[in-house]
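Everything below concerns the one structure shown next.
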There are 2 protein chains.
Amino acid sequence: MSVIYNRVALIGLGLIASSMFWAMKRKGLAGEVTGYARSSQTRDTARRIGLCDHVHDSAAEAVEGADLIVLCVPVGVMGAVAAEIAPHLKPGATITDVGSVKRDVIDHVGPHLPNGIHFIPGHPLAGTEHSGPESGFAELFDNRWCLLVPVEGSDAKAVARLRALWEGIGSNVEEMEADHHDLVLAVTSHAPHLIAYTMVGVADDLRRVTDSEVIKYSAAGFRDFTRIAASDPTMWRDVFLTNKDATLEVLGRFTEELFALQRAIRTGDGDHLHDYFTRTRAIRRSIIEAGQDTDAPDFGRTKASS
Amino acid sequence: MSVIYNRVALIGLGLIASSMFWAMKRKGLAGEVTGYARSSQTRDTARRIGLCDHVHDSAAEAVEGADLIVLCVPVGVMGAVAAEIAPHLKPGATITDVGSVKRDVIDHVGPHLPNGIHFIPGHPLAGTEHSGPESGFAELFDNRWCLLVPVEGSDAKAVARLRALWEGIGSNVEEMEADHHDLVLAVTSHAPHLIAYTMVGVADDLRRVTDSEVIKYSAAGFRDFTRIAASDPTMWRDVFLTNKDATLEVLGRFTEELFALQRAIRTGDGDHLHDYFTRTRAIRRSIIEAGQDTDAPDFGRTKASS
């Protein structure tokens, strides 16, 4: 493949930025890639592992002359970062982001951008429970979805170019409206994360069961929750605070349904439980058929060492 | 290793029985293994794939002359199966089970057993989301825990012999009191399963997000829930109905905590969220250190096909 952007600036150098860098390099999609992270420790690590062609000590320097700027910072600071770099953007440049919430990012980034800048919010649906510059890898986006959320007046050519980059990185790209994006993600990601965090916290809290018992016997189901609940705390705090309405709506429905199942347990209504569990099994089948997960038992987990 | 039981009878031929068979054969731990399943289709499948040295058409025939009988049926029918085989048990035989709930099994199986039979309830903490005779594999129990729950008057020699079998199969064995077992499992397994089933059902129900969107975008967290929620409906119905009190207690605590986190979202209390998420991350680390899961990102998932 050939170069899609001559100069790309990655602002924030965590799991996603790092994976984007390695994926762009794998296919030669970017001429030069500059980077910036707020923490000097992260910048040092990036320099040490060769993450970015050049790591700058300020966001303003990093974005200078860039054709594409990717904001890879927690959703809660997107607006502040946009304000900081806005005066330094090259006319005609495209700015995008990788945040898990889109309406809030649009509301907070958009107003800072000068005319002549193409703002195309985005969200790659990919990640792991690990974070930081050293956790990235080139294959993270392969066969995963990337949602682009063009705002009113987005230039079609600029959108097509950004789409080509994500496709080159390995993603399947779709466009979606911001509010719908936030609701879909509340269902597929935000509510499940909050629920996993909650369950892991409860297990840690129950005084009649020791932590070491919880840990020893986690393979029975709980450990899958702990993986989700090991995700980056800052990122997730910001997700919940900025996608408040949709998350609370889905959690409201969840609580309602959980109460109905609790009542079925209390009253001994086995048919209700059996019917419910049979229905959910079918959804798993669809996800495997859609190529979004492996059918290998237990995710084909790498054997835990003995 | 040498033969631990000359004759083993497996009653019920699903994932666990099938995995036990292959694991016993791998190490030559059993002389002859007989089997029985209620469904003739399951018995035919077992015969076709060579599961058990001999598959019988009745449980009474299968247990005849057996030194060890393993009940591998849903918890809700353990009592009925015990009543059926009790008159056919060889004096001095050991009978165990693999049910996920222990108090209920003890209450319903114990009374049927004649004197001179060693009853040692058990629970291997291993499984996958797949079920049926063809889903078993010899490595299922490797480095997983198996909990033995000896009842009053259990013969120490009989317990040691059963422990040797489970260790030969690959498990680490611990003994635990029945009620404590049921509470620990409510935390590490039963409540997480009910929560996963609930979330998957809610996703399927939300009218403003289509099923195909839920499926396409599941990689963002939701798909881990669908794996858990794909487990056998009959087995899980019985687990909740027979471990009612402990499950409802843990779910009560869960709901309480979930409400507190929802309130933090609603009021914008970012510190509360951040502290909570930081604490849960540490638990994940402990599970990996305890060798109960892989540290590979995303469980080292086999790449989903494109």
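We name chains A, B, ... following the order of the structure tokens; residues begin at 1 in each chain, and ligands are numbered from 1 as shown.
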Among region 146-202 of chain B, which ones does DSSP place in strand (DSSP E), written as a JSON list (two decimals) with C-alpha atoms, in the first residue's frame?
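Writing the result to selection.json gives the following:
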[["chain", "number", "residue", "atom", "x", "y", "z"],
["B", 146, "CYS", "CA", -11.39, -29.59, 42.34],
["B", 147, "LEU", "CA", -13.21, -29.11, 45.63],
["B", 148, "LEU", "CA", -14.11, -32.19, 47.66],
["B", 172, "ASN", "CA", -5.38, -29.31, 42.42],
["B", 173, "VAL", "CA", -7.63, -30.62, 45.18],
["B", 174, "GLU", "CA", -8.92, -28.87, 48.29],
["B", 175, "GLU", "CA", -11.54, -29.84, 50.84]]
- Message: Set the distance at 9 Å and use only C-alpha atoms: which residues neighbour region 253-269 of chain B once local chain neighbours fewer than 6 positions away are removed? I'd like the list as a PyMOL selection string.
- Response: (chain A and resi 194-195+198-199+201-203+206+237+240-241+244-245+247-248+251+255+258) or (chain B and resi 191+276)
**Item:** Expected answer as a PyMOL selection string: helix (DSSP H, G or I) residues in region 103-187 of chain A
**Value:** chain A and resi 103-112+133-135+156-169+178-187
Counting only C-alpha atoms, closest pick from B:Asp211, B:Asp271, B:Glu139, B:Asp155 relative to Arg284 (chain A) is B:Asp211
| message | Which residues are close to region 95-104 of chain A, i.e. within 7 Å by only C-alpha atoms, leaving aside same-chain residues fewer than 3 positions away? Reply as a ChimeraX atom specification. | response | /A:68-72,74-75,107-108,118-124,178-179,182,239,242-243
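Taking only C-alpha atoms into account, Leu89 (chain A) lies nearest to A:Leu113 out of the set A:Leu15, A:Leu183, A:Leu113, A:Ala126.
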